[in-house]
Structures are given as C-alpha cells and as structure tokens.
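The data block below is model-v5.txt; it holds compact mmCIF, C-alpha atoms.
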# COMPACT_ATOMS: atom_id res chain seq x y z
CA ALA A 16 74.12 29.49 25.52
CA VAL A 17 72.36 27.63 28.30
CA ALA A 18 71.86 23.86 28.53
CA TYR A 19 69.02 22.60 30.71
CA LYS A 20 69.57 19.13 32.15
CA TYR A 21 66.66 17.42 33.82
CA PRO A 22 66.87 14.59 36.35
CA PRO A 23 66.60 11.16 34.63
CA GLU A 24 63.21 9.52 34.73
CA LYS A 25 62.99 6.67 37.26
CA LYS A 26 60.40 3.90 37.48
CA TYR A 27 59.91 0.56 39.21
CA ALA A 28 59.98 -2.79 37.42
CA THR A 29 60.14 -6.44 38.48
CA VAL A 30 63.15 -8.70 37.84
CA THR A 31 61.60 -11.76 36.21
CA ASP A 32 64.89 -13.50 35.47
CA ILE A 33 68.68 -13.08 35.40
CA VAL A 34 70.44 -14.40 32.31
CA VAL A 35 74.19 -14.68 31.69
CA GLN A 36 75.79 -13.87 28.37
CA VAL A 37 79.35 -14.78 27.34
CA GLY A 38 81.14 -12.10 25.36
CA ARG A 39 83.77 -12.57 22.68
CA THR A 40 86.57 -12.22 25.25
CA GLY A 41 84.98 -14.90 27.44
CA VAL A 42 83.63 -12.54 30.12
CA LEU A 43 80.35 -13.58 31.73
CA THR A 44 77.93 -10.65 31.83
CA PRO A 45 74.70 -10.97 33.85
CA LYS A 46 71.57 -9.23 32.62
CA ALA A 47 68.28 -8.61 34.46
CA VAL A 48 65.11 -9.38 32.53
CA LEU A 49 62.48 -6.84 33.59
CA THR A 50 58.75 -6.41 33.26
CA PRO A 51 58.38 -3.82 30.47
CA VAL A 52 58.59 -0.23 31.68
CA ARG A 53 58.48 2.99 29.65
CA LEU A 54 61.57 5.17 30.23
CA ALA A 55 62.87 8.21 28.33
CA GLY A 56 60.79 7.46 25.27
CA THR A 57 61.45 3.71 24.92
CA THR A 58 60.28 0.49 26.52
CA VAL A 59 62.92 -1.09 28.73
CA THR A 60 62.91 -4.87 29.25
CA ASN A 61 66.54 -5.52 30.24
CA ALA A 62 69.22 -3.94 32.41
CA THR A 63 72.88 -4.85 32.72
CA LEU A 64 74.05 -6.15 36.11
CA HIS A 65 77.77 -5.73 35.29
CA ASN A 66 79.28 -8.41 37.56
CA GLN A 67 78.87 -10.40 40.77
CA ASP A 68 80.10 -7.53 42.96
CA PHE A 69 77.36 -5.25 41.60
CA ILE A 70 74.67 -7.88 42.21
CA THR A 71 75.92 -8.60 45.73
CA GLU A 72 76.26 -4.93 46.68
CA LYS A 73 72.65 -4.15 45.72
CA ASP A 74 71.41 -7.64 46.70
CA ILE A 75 69.42 -8.01 43.47
CA ARG A 76 67.33 -11.18 43.33
CA ILE A 77 64.90 -12.75 40.87
CA GLY A 78 61.42 -11.52 41.83
CA ASP A 79 62.61 -8.21 43.30
CA THR A 80 61.02 -4.87 42.53
CA VAL A 81 63.78 -2.52 41.45
CA LEU A 82 64.14 1.18 40.68
CA VAL A 83 65.34 1.66 37.11
CA GLN A 84 66.66 4.61 35.14
CA LYS A 85 68.59 5.19 31.91
CA ALA A 86 72.19 6.17 32.53
CA GLY A 87 72.85 9.12 30.25
CA GLU A 88 69.29 8.54 28.95
CA ILE A 89 70.66 5.55 27.02
CA ILE A 90 71.69 2.53 29.10
CA PRO A 91 69.11 1.02 31.50
CA GLU A 92 70.50 0.50 35.00
CA ILE A 93 69.17 -0.67 38.37
CA LEU A 94 69.54 1.87 41.15
CA SER A 95 68.13 0.02 44.14
CA VAL A 96 65.84 -2.74 45.39
CA ASP A 97 62.52 -2.07 47.14
CA LEU A 98 62.94 -4.54 50.02
CA THR A 99 59.36 -3.91 51.21
CA LYS A 100 58.11 -5.67 48.05
CA ARG A 101 60.53 -8.61 48.10
CA PRO A 102 58.63 -11.94 47.79
CA GLU A 103 59.24 -14.60 50.42
CA GLY A 104 61.65 -17.39 49.55
CA THR A 105 63.92 -15.40 47.24
CA LYS A 106 67.58 -16.33 47.33
CA PRO A 107 70.73 -14.26 46.69
CA TYR A 108 71.86 -14.62 43.09
CA THR A 109 75.29 -16.08 42.34
CA LEU A 110 76.86 -16.28 38.92
CA PRO A 111 77.50 -19.85 37.71
CA GLU A 112 80.82 -21.59 38.40
CA VAL A 113 80.87 -23.03 34.90
CA CYS A 114 80.35 -21.37 31.54
CA PRO A 115 76.68 -21.46 30.49
CA VAL A 116 77.75 -21.96 26.87
CA CYS A 117 80.40 -24.72 27.03
CA GLY A 118 80.42 -25.93 30.65
CA ALA A 119 84.10 -25.12 31.27
CA PRO A 120 85.11 -23.68 34.67
CA VAL A 121 85.06 -19.90 35.04
CA VAL A 122 87.70 -17.86 36.86
CA ARG A 123 87.67 -14.39 38.30
CA ASP A 124 90.15 -11.88 36.92
CA GLU A 125 93.01 -11.34 39.34
CA ASP A 126 92.82 -7.60 38.85
CA GLY A 127 89.09 -7.06 38.48
CA ALA A 128 85.55 -8.23 39.11
CA ALA A 129 84.94 -10.02 35.80
CA LEU A 130 84.33 -13.77 35.61
CA ARG A 131 85.79 -15.37 32.51
CA CYS A 132 85.24 -18.69 30.73
CA THR A 133 88.39 -20.82 30.56
CA GLY A 134 87.10 -23.10 27.83
CA ALA A 135 89.53 -23.49 24.94
CA GLU A 136 86.72 -24.67 22.64
CA CYS A 137 83.98 -22.37 23.91
CA PRO A 138 82.05 -21.11 20.85
CA ALA A 139 81.30 -17.77 22.51
CA PRO A 140 84.70 -15.97 22.22
CA PRO A 141 86.36 -17.41 19.11
CA GLN A 142 86.73 -14.26 17.04
CA ARG A 143 89.56 -12.72 19.06
CA ASN A 144 91.61 -15.93 19.21
CA ILE A 145 91.18 -16.72 15.52
CA THR A 146 92.19 -13.17 14.58
CA HIS A 147 95.34 -13.56 16.71
CA LEU A 148 96.57 -16.28 14.35
CA ASN A 149 97.12 -13.47 11.83
CA VAL A 150 96.11 -15.60 8.84
CA HIS A 151 95.91 -13.40 5.75
CA GLY A 152 92.29 -12.63 4.87
CA VAL A 153 90.72 -14.31 7.90
CA PRO A 154 90.24 -11.24 10.16
CA ALA A 155 88.02 -9.64 7.50
CA VAL A 156 85.55 -12.55 7.42
CA VAL A 157 85.92 -14.14 10.85
CA ALA A 158 82.63 -12.65 12.10
CA GLN A 159 80.78 -14.08 9.10
CA LEU A 160 82.42 -17.47 9.55
CA VAL A 161 81.29 -17.59 13.18
CA GLU A 162 77.79 -16.24 12.53
CA ASN A 163 77.22 -18.77 9.76
CA GLY A 164 78.31 -21.65 11.96
CA LEU A 165 81.34 -22.50 9.82
CA ILE A 166 83.80 -22.15 12.70
CA ALA A 167 83.55 -22.12 16.49
CA ASN A 168 87.23 -22.23 17.44
CA VAL A 169 90.74 -21.99 15.99
CA ALA A 170 90.89 -25.65 14.91
CA ASP A 171 87.74 -25.30 12.80
CA LEU A 172 89.64 -23.01 10.42
CA TYR A 173 91.53 -26.01 9.10
CA ASP A 174 88.33 -27.92 8.30
CA LEU A 175 86.98 -25.19 6.00
CA HIS A 176 86.36 -25.81 2.30
CA ALA A 177 86.35 -23.21 -0.44
CA GLN A 178 82.77 -24.01 -1.49
CA ASP A 179 81.52 -23.23 2.03
CA VAL A 180 83.39 -19.93 2.26
CA ALA A 181 82.31 -18.84 -1.25
CA GLN A 182 78.70 -18.55 -0.04
CA LEU A 183 79.53 -15.74 2.39
CA ASP A 184 78.69 -12.12 1.57
CA HIS A 185 81.25 -10.42 -0.69
CA MET A 186 83.12 -13.72 -1.16
CA GLY A 187 83.31 -15.29 -4.60
CA THR A 188 84.97 -18.52 -5.66
CA LYS A 189 88.37 -16.89 -6.27
CA SER A 190 88.39 -15.09 -2.89
CA ALA A 191 87.36 -18.26 -1.12
CA GLU A 192 90.15 -20.25 -2.76
CA ASN A 193 92.69 -17.56 -1.79
CA LEU A 194 91.48 -17.70 1.82
CA ILE A 195 91.79 -21.48 1.98
CA ARG A 196 95.33 -21.26 0.55
CA ALA A 197 96.24 -18.67 3.20
CA ILE A 198 94.86 -20.92 5.94
CA GLU A 199 96.84 -23.86 4.56
CA LYS A 200 99.98 -21.71 4.45
CA SER A 201 99.49 -20.69 8.08
CA LYS A 202 100.13 -24.26 9.19
CA ALA A 203 103.84 -23.55 8.79
CA ASN A 204 103.79 -20.42 10.99
CA ASP A 205 106.14 -20.19 13.94
CA LEU A 206 105.02 -21.68 17.25
CA SER A 207 104.63 -18.17 18.68
CA LYS A 208 101.68 -17.50 16.35
CA LEU A 209 99.97 -20.68 17.57
CA ILE A 210 100.51 -19.87 21.25
CA TYR A 211 99.13 -16.37 20.70
CA GLY A 212 96.18 -17.76 18.73
CA LEU A 213 95.21 -20.12 21.56
CA GLY A 214 94.03 -17.04 23.47
CA ILE A 215 95.62 -17.88 26.83
CA ARG A 216 94.90 -15.12 29.33
CA GLN A 217 97.83 -12.80 30.08
CA VAL A 218 99.76 -14.15 27.07
CA GLY A 219 100.12 -11.45 24.44
CA GLU A 220 102.13 -11.44 21.23
CA LYS A 221 105.44 -10.67 22.95
CA ALA A 222 104.97 -13.27 25.72
CA ALA A 223 104.01 -15.87 23.12
CA ALA A 224 107.26 -15.21 21.26
CA VAL A 225 109.28 -15.51 24.49
CA LEU A 226 107.60 -18.82 25.36
CA ALA A 227 108.12 -20.22 21.86
CA ARG A 228 111.83 -19.39 21.86
CA HIS A 229 112.37 -20.68 25.40
CA PHE A 230 110.64 -24.05 25.05
CA GLY A 231 111.04 -24.71 21.34
CA THR A 232 107.99 -26.99 21.13
CA LEU A 233 104.40 -26.87 22.32
CA ASN A 234 104.89 -30.25 24.02
CA ALA A 235 107.69 -28.81 26.15
CA LEU A 236 105.54 -25.80 27.10
CA THR A 237 102.63 -28.05 28.00
CA ALA A 238 104.84 -30.14 30.29
CA ALA A 239 106.34 -27.12 32.09
CA PRO A 240 105.29 -26.59 35.74
CA THR A 241 104.45 -23.17 37.14
CA GLU A 242 107.84 -22.93 38.86
CA GLU A 243 109.73 -23.29 35.57
CA LEU A 244 107.54 -20.73 33.83
CA THR A 245 108.11 -18.08 36.50
CA GLU A 246 111.86 -18.31 35.93
CA ILE A 247 111.39 -16.92 32.41
CA PRO A 248 111.78 -13.13 32.05
CA ASP A 249 108.40 -11.37 31.58
CA VAL A 250 106.44 -14.36 32.92
CA GLY A 251 105.08 -13.69 36.41
CA GLU A 252 103.11 -15.93 38.75
CA ILE A 253 99.71 -14.87 37.41
CA THR A 254 100.72 -15.46 33.79
CA ALA A 255 102.33 -18.80 34.66
CA LYS A 256 99.18 -19.96 36.44
CA CYS A 257 97.02 -18.92 33.47
CA ILE A 258 99.26 -20.93 31.12
CA VAL A 259 99.26 -24.07 33.27
CA ASP A 260 95.52 -23.90 33.97
CA TYR A 261 94.71 -23.44 30.29
CA LEU A 262 96.97 -26.17 28.92
CA ASN A 263 95.67 -28.71 31.44
CA GLN A 264 92.03 -28.27 30.45
CA PRO A 265 90.45 -31.20 28.61
CA GLN A 266 89.10 -28.72 26.03
CA ALA A 267 92.59 -27.28 25.43
CA LYS A 268 94.09 -30.74 25.02
CA ASP A 269 91.39 -31.66 22.50
CA LEU A 270 91.89 -28.39 20.62
CA ILE A 271 95.66 -28.88 20.41
CA ALA A 272 95.19 -32.48 19.28
CA ARG A 273 92.93 -31.29 16.46
CA LEU A 274 95.44 -28.65 15.40
CA LYS A 275 98.23 -31.23 15.41
CA ALA A 276 96.12 -33.63 13.34
CA ALA A 277 95.47 -30.82 10.85
CA GLY A 278 99.23 -30.44 10.36
CA VAL A 279 99.73 -27.17 12.23
CA ASN A 280 103.37 -26.58 13.19
CA MET A 281 104.03 -27.15 16.88
CA ASP A 282 107.72 -26.15 16.91
CA SER A 283 109.62 -22.88 17.02
CA THR A 284 111.16 -21.95 13.69
CA VAL A 285 113.17 -19.07 15.14
CA GLN A 286 116.79 -19.90 15.89
CA LYS A 287 118.55 -17.87 18.59
CA VAL A 288 121.78 -16.27 17.35
CA ASP A 289 123.63 -16.26 20.68
CA ASP A 290 123.38 -14.95 24.25
CA ARG A 291 125.54 -11.82 23.98
CA PHE A 292 122.69 -9.61 25.30
CA ALA A 293 121.73 -11.95 28.16
CA GLY A 294 120.56 -9.88 31.12
CA MET A 295 120.51 -6.66 29.07
CA THR A 296 117.49 -4.42 28.47
CA PHE A 297 117.26 -2.14 25.43
CA VAL A 298 114.85 0.72 24.80
CA LEU A 299 114.31 1.98 21.25
CA THR A 300 113.26 5.58 20.68
CA GLY A 301 112.92 7.94 17.74
CA THR A 302 112.71 7.01 14.05
CA LEU A 303 115.05 4.20 13.00
CA THR A 304 116.24 4.23 9.38
CA ARG A 305 118.17 0.95 9.15
CA PHE A 306 115.59 -1.19 10.98
CA ASP A 307 111.89 -1.04 11.56
CA ARG A 308 111.02 -1.14 15.25
CA LYS A 309 109.77 -4.73 15.29
CA THR A 310 112.84 -6.06 13.46
CA ALA A 311 115.20 -4.28 15.85
CA GLU A 312 113.38 -5.68 18.88
CA ASN A 313 113.52 -9.16 17.37
CA GLU A 314 117.28 -8.86 16.79
CA ILE A 315 117.72 -8.02 20.48
CA VAL A 316 115.65 -10.98 21.62
CA LEU A 317 117.48 -13.37 19.26
CA ARG A 318 120.67 -12.47 21.11
CA GLY A 319 119.21 -13.13 24.54
CA GLY A 320 118.24 -9.55 25.42
CA LYS A 321 115.00 -7.83 26.29
CA ALA A 322 113.29 -4.95 24.46
CA SER A 323 111.39 -2.63 26.77
CA GLY A 324 109.10 0.32 26.15
CA SER A 325 110.21 2.47 29.07
CA VAL A 326 113.52 3.78 30.42
CA SER A 327 114.60 3.04 34.00
CA LYS A 328 117.80 2.65 36.01
CA LYS A 329 117.81 -1.00 34.96
CA THR A 330 117.96 -0.11 31.24
CA THR A 331 121.28 -1.21 29.70
CA TYR A 332 121.14 0.86 26.51
CA VAL A 333 118.81 3.32 24.81
CA VAL A 334 119.01 3.19 21.01
CA ALA A 335 118.13 6.68 19.73
CA GLY A 336 116.98 7.27 16.18
CA GLU A 337 115.99 10.54 14.57
CA ALA A 338 113.71 12.93 16.51
CA ALA A 339 114.15 10.98 19.75
CA GLY A 340 112.08 12.53 22.52
CA SER A 341 111.31 12.04 26.20
CA LYS A 342 112.92 8.59 26.44
CA LEU A 343 116.24 10.00 25.31
CA THR A 344 115.91 12.85 27.81
CA LYS A 345 115.16 10.42 30.63
CA ALA A 346 118.12 8.22 29.66
CA GLN A 347 120.43 11.23 29.84
CA GLN A 348 119.02 12.20 33.25
CA LEU A 349 119.54 8.67 34.59
CA GLY A 350 122.97 8.26 33.05
CA VAL A 351 121.87 5.35 30.82
CA PRO A 352 124.26 4.79 27.86
CA VAL A 353 122.77 5.97 24.55
CA LEU A 354 123.63 4.29 21.24
CA THR A 355 123.18 5.62 17.74
CA GLU A 356 121.58 3.30 15.24
CA ASP A 357 125.01 2.62 13.66
CA GLU A 358 126.48 1.72 17.06
CA PHE A 359 123.55 -0.62 17.71
CA ALA A 360 124.13 -2.29 14.31
CA GLU A 361 127.79 -2.86 15.27
CA LEU A 362 126.69 -4.66 18.46
CA LEU A 363 124.56 -6.99 16.36
CA LYS A 364 127.47 -8.10 14.15
Output the file's structure in the form of structure tokens.
Amino acid sequence: AVAYKYPPEKKYATVTDIVVQVGRTGVLTPKAVLTPVRLAGTTVTNATLHNQDFITEKDIRIGDTVLVQKAGEIIPEILSVDLTKRPEGTKPYTLPEVCPVCGAPVVRDEDGAALRCTGAECPAPPQRNITHLNVHGVPAVVAQLVENGLIANVADLYDLHAQDVAQLDHMGTKSAENLIRAIEKSKANDLSKLIYGLGIRQVGEKAAAVLARHFGTLNALTAAPTEELTEIPDVGEITAKCIVDYLNQPQAKDLIARLKAAGVNMDSTVQKVDDRFAGMTFVLTGTLTRFDRKTAENEIVLRGGKASGSVSKKTTYVVAGEAAGSKLTKAQQLGVPVLTEDEFAELLK
C-alpha cells in the first residue's frame, strides 16, 4: 500500500482584527480574524495565534498580509507575515493586561506561555470550579446551567431554584428538586471541598485538603502570608503566591462573602488523630483489601504523615498489597522498609 501526501495548500489573507477569547480554565487565547480565503475545500476566516510568544515571534499585527495554511488539513495557522505589504502605522500587538470578560488582572503561567485570568467571579471559566465542588448531580448539568445564564460562578449555585432548573433539557420537577437538595446538602461539606472549588491555581484536591487541615478555617487561610504557607509540606513558593494573590482579589473576597452568606461551611470538619507519622512519607502499592487507596492515604494524613505516589530514598515505608509491582521492587532496591497491609493497620491503632 502506498500513501501519497501532498504539500498543504497555502494562500495569503489579511488580518482584519485580533480577538481574545477566555477558555473555561481562564486561559486567554488570541485569534486572528482574516479576510475569507479558500483552503483545502473550506473557507477560512480565523486562525489561532496560540499565545503572546507566538505573536511576538512572527510579529503579527492587525492589517498584515499573512501566509495561511491548514495544519494537518484541519486547523488554520499563520506561517509568516509578508512585510513588503505591511501598512504604515501598524503597531506590535500585545495581549491585554486585564481579562476582556471580567476586567480582573491576568498572569502568565510560571511554567508556560499562557496568560490566565485571575478573576474569582469571571463568568468565562466557571464550569471547572463548580465541578470541583463535587456536588451530587451538578457536574452532569453544569454546562446547561452556564449556557442558560443560571450560574456564572460557584456562589450562584446557592441562588438556584427548582423551578428554574426544571426547565433544562432532560430535567423534570423531581430531578430539579433532587439537585437543589444536593446543593443545599453541600453547604455542610468540609472546608477542603470549598478551597478546591474556588479554583485557585496550583491548588488541587490534595493541596486543598492539606490547607484545610492546617488552618482549620477559611479566615485563617485568608490571613496567612506567603512565608507561612511555604512552611507547609507540599506548598511551594509558586503555590503560596497563587493562594495569596487569589484570596486578596476583590472578586475573591466578594465571592467568599456570598458563599458565607449562603451558609456554606467555612471550617474544617476533619479532626487530626495525632502526629505519630509527623515527618514520615508512605507509598501505597498493589491492591489493598482492608482499605481503599483514598481511605488509607487519609488515615496517614490524619496522623501527620504524607502519602506519596513515588518511592525514593526519603520514603519512610512502602505499604504493599496484593500484586505489588515496580514500586515494591524499587523499595527493595533502595532498602526502604516494606509493610504488609496488616502491619500498616497495626501502626494506625
């Protein structure tokens, strides 16, 4: 069999405008609006510009004549600028310093080229944050709730009424009432769920749980300076800065005030057992029969320890269940003590 691949078709078009869209994760994505050009069987009127680095590297400006092709015969992309046709008076394009949707400051990712909105109440990226609250039934309809203008951020969930939700596709009166009850029930969730649901950059589910246990209340977390945050295991300088920057935003303060007024729990409901595992790191491997993985990790943390996903010389114990694999082998090579599940259970007593 022989496959013939032909060079992609390339044509010139004029950049009439550059617009910025805000995705559901808050990333600002610039897009070039082009004079219509026929490429690979379709008419192309837009091309992605990826990020500021891409725009700067190719020096793409509004009014420029650019060479366009379809990457993989699907995605329109700009290859180069014809500088001989550049109009006088054009200026280099720079992405905005504030979000075009909500006006909050934007920040550049520490480890990449993306610019991201920092707005806690920005209506552009609410779906991810709302889903993080893990309210039963909400993830299935969150897109509809946003698209129908019923919610724009986490706090809006607690203003919903059953009659509004019942009008959504595939949602009757009974389903709507169940959803509202689940939302009401979520007010009593642990503080870690709330911190995770706020959508703070660099703060995942595990970090949210660590922060909730360490500070005990959202007020205490909000008052913590960067220096105090960096003293917490698993919280580095970048994460600490993201937390402080987020919680000091006017939008974040307003959002938290609304959540508090709605009766959402702002305190940790998890009580630490003791500190017997302080300074220790455990790695779980294989199939556990007495605990599920998440429960075992939680038991470690409640006793002041840390649950890790990889084995190193700093690992204190590896807990090996049935069919343990490469992690057990590495522990044996490094001389890390290995516990059976029964031995681990004894340590918990």
| query | Which neighbours of Lys85 (chain A) fall inside 8 Å, counting all atoms listed in the file, when residues of the same chain fewer than 3 positions from it are skipped, and could you give them as a PyMOL selection string? | reply | chain A and resi 23-25+54-55+88-92
| query | Which polymer residues have any atom within 9 Å of an atom of region 354-361 of chain A, counting all atoms listed in the file, with same-chain residues fewer than 4 positions away left out, as a ChimeraX atom specification? | reply | /A:303-306,332-336
| query | Which polymer residues, protein or nucleic acid, are no farther than 12 Å from (97.9, -18.3, 36.1), counting all atoms listed in the file, as an MDAnalysis selection string? | reply | chainID A and resid 122:125 133 215:218 240:242 244:245 250:263
| task | Write out as a PyMOL selection string which residues come within 9 Å of region 278-294 of chain A when counting all atoms listed in the file, dropping same-chain ones fewer than 4 positions away. | result | chain A and resi 173+199+201-207+209+227-228+230-234+273-274+314-321+331
| query | Skipping near chain neighbours, those fewer than 6 positions away, what residues fall within 10 Å of Val34 (chain A) using only C-alpha atoms, listed as a PyMOL selection string? | reply | chain A and resi 43-48+61+63-64+110+115
| request: In the coordinate frame of the file, compute which residues have an atom within 12 Å of (87.4, -7.0, 40.3) when using all atoms listed in the file, and state them as a list in words. | output: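 Residues found, by chain and rising number: His65, Asn66, Gln67, Asp68, Phe69, Val122, Arg123, Asp124, Glu125, Asp126, Gly127, Ala128, Ala129, Leu130 and Arg131 of chain A.
Separating CA of Asn313 (chain A) from CA of Asn149 (chain A) is a distance of 17.8 Å.
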| task | Would you mind reading off the distance between CA of Val326 (chain A) and CA of Lys208 (chain A), one decimal, in Å? | result |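 Taking CA of Val326 (chain A) and CA of Lys208 (chain A), their separation equals 28.1 Å.
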| said: I'd like the neighbourhood of Asp249 (chain A) as JSON, numbers by chain, where a residue qualifies if any of its atoms comes within 10 Å (using all atoms listed in the file), though same-chain residues fewer than 6 positions away should be ignored. | reply: {"A": [221, 222, 225, 226, 321]}
| A:Gln178, A:Val353, A:Ala322, A:Lys268 ranked by distance to Ser190 (chain A), top pick (using all atoms listed in the file) | A:Gln178
| request: Find, counting only C-alpha atoms, the residue in A:Ala311, A:Leu343, A:Val157, A:Ala197 that gets nearest to Ser327 (chain A). | output: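 For Ser327 (chain A), the nearest of the given residues is A:Leu343.
We find CA of Ala170 (chain A) and CA of Pro138 (chain A) to be spaced 11.6 Å apart.
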| Pick from A:Pro22, A:Ile210, A:Met295, A:Arg101: nearest to Thr237 (chain A), with all atoms listed in the file counted? |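 With all atoms listed in the file as the atom set, the closest residue is A:Ile210.
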| request: Go through A:Asp174, A:Asp97, A:Glu220, A:Glu192 one by one, measure the shortest atom-to-atom distance of each to His147 (chain A) using all atoms listed in the file, and give the residue with the smallest value. | output: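 Looking only at the distances to His147 (chain A), the closest residue turns out to be A:Glu220.
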Please rebuild region 257-269 of chain A with N, CA and C atoms and return the result as a compact mmCIF listing (two decimals), keeping the file's coordinate frame.
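Result file selection20.txt:
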# COMPACT_ATOMS: atom_id res chain seq x y z
N CYS A 257 97.95 -18.92 34.59
CA CYS A 257 97.02 -18.92 33.47
C CYS A 257 97.44 -19.93 32.40
N ILE A 258 98.75 -20.01 32.13
CA ILE A 258 99.26 -20.93 31.12
C ILE A 258 99.03 -22.38 31.54
N VAL A 259 99.40 -22.70 32.78
CA VAL A 259 99.26 -24.07 33.27
C VAL A 259 97.79 -24.47 33.34
N ASP A 260 96.96 -23.59 33.87
CA ASP A 260 95.52 -23.90 33.97
C ASP A 260 94.92 -24.14 32.60
N TYR A 261 95.27 -23.30 31.64
CA TYR A 261 94.71 -23.44 30.29
C TYR A 261 95.14 -24.74 29.63
N LEU A 262 96.44 -25.01 29.64
CA LEU A 262 96.97 -26.17 28.92
C LEU A 262 96.57 -27.50 29.54
N ASN A 263 96.10 -27.47 30.79
CA ASN A 263 95.67 -28.71 31.44
C ASN A 263 94.17 -28.95 31.33
N GLN A 264 93.47 -28.05 30.68
CA GLN A 264 92.03 -28.27 30.45
C GLN A 264 91.81 -29.38 29.44
N PRO A 265 90.79 -30.20 29.63
CA PRO A 265 90.45 -31.20 28.61
C PRO A 265 90.13 -30.55 27.26
N GLN A 266 89.43 -29.40 27.29
CA GLN A 266 89.10 -28.72 26.03
C GLN A 266 90.36 -28.27 25.29
N ALA A 267 91.34 -27.74 26.05
CA ALA A 267 92.59 -27.28 25.43
C ALA A 267 93.35 -28.45 24.82
N LYS A 268 93.39 -29.57 25.53
CA LYS A 268 94.09 -30.74 25.02
C LYS A 268 93.44 -31.25 23.74
N ASP A 269 92.10 -31.22 23.70
CA ASP A 269 91.39 -31.66 22.50
C ASP A 269 91.65 -30.70 21.34
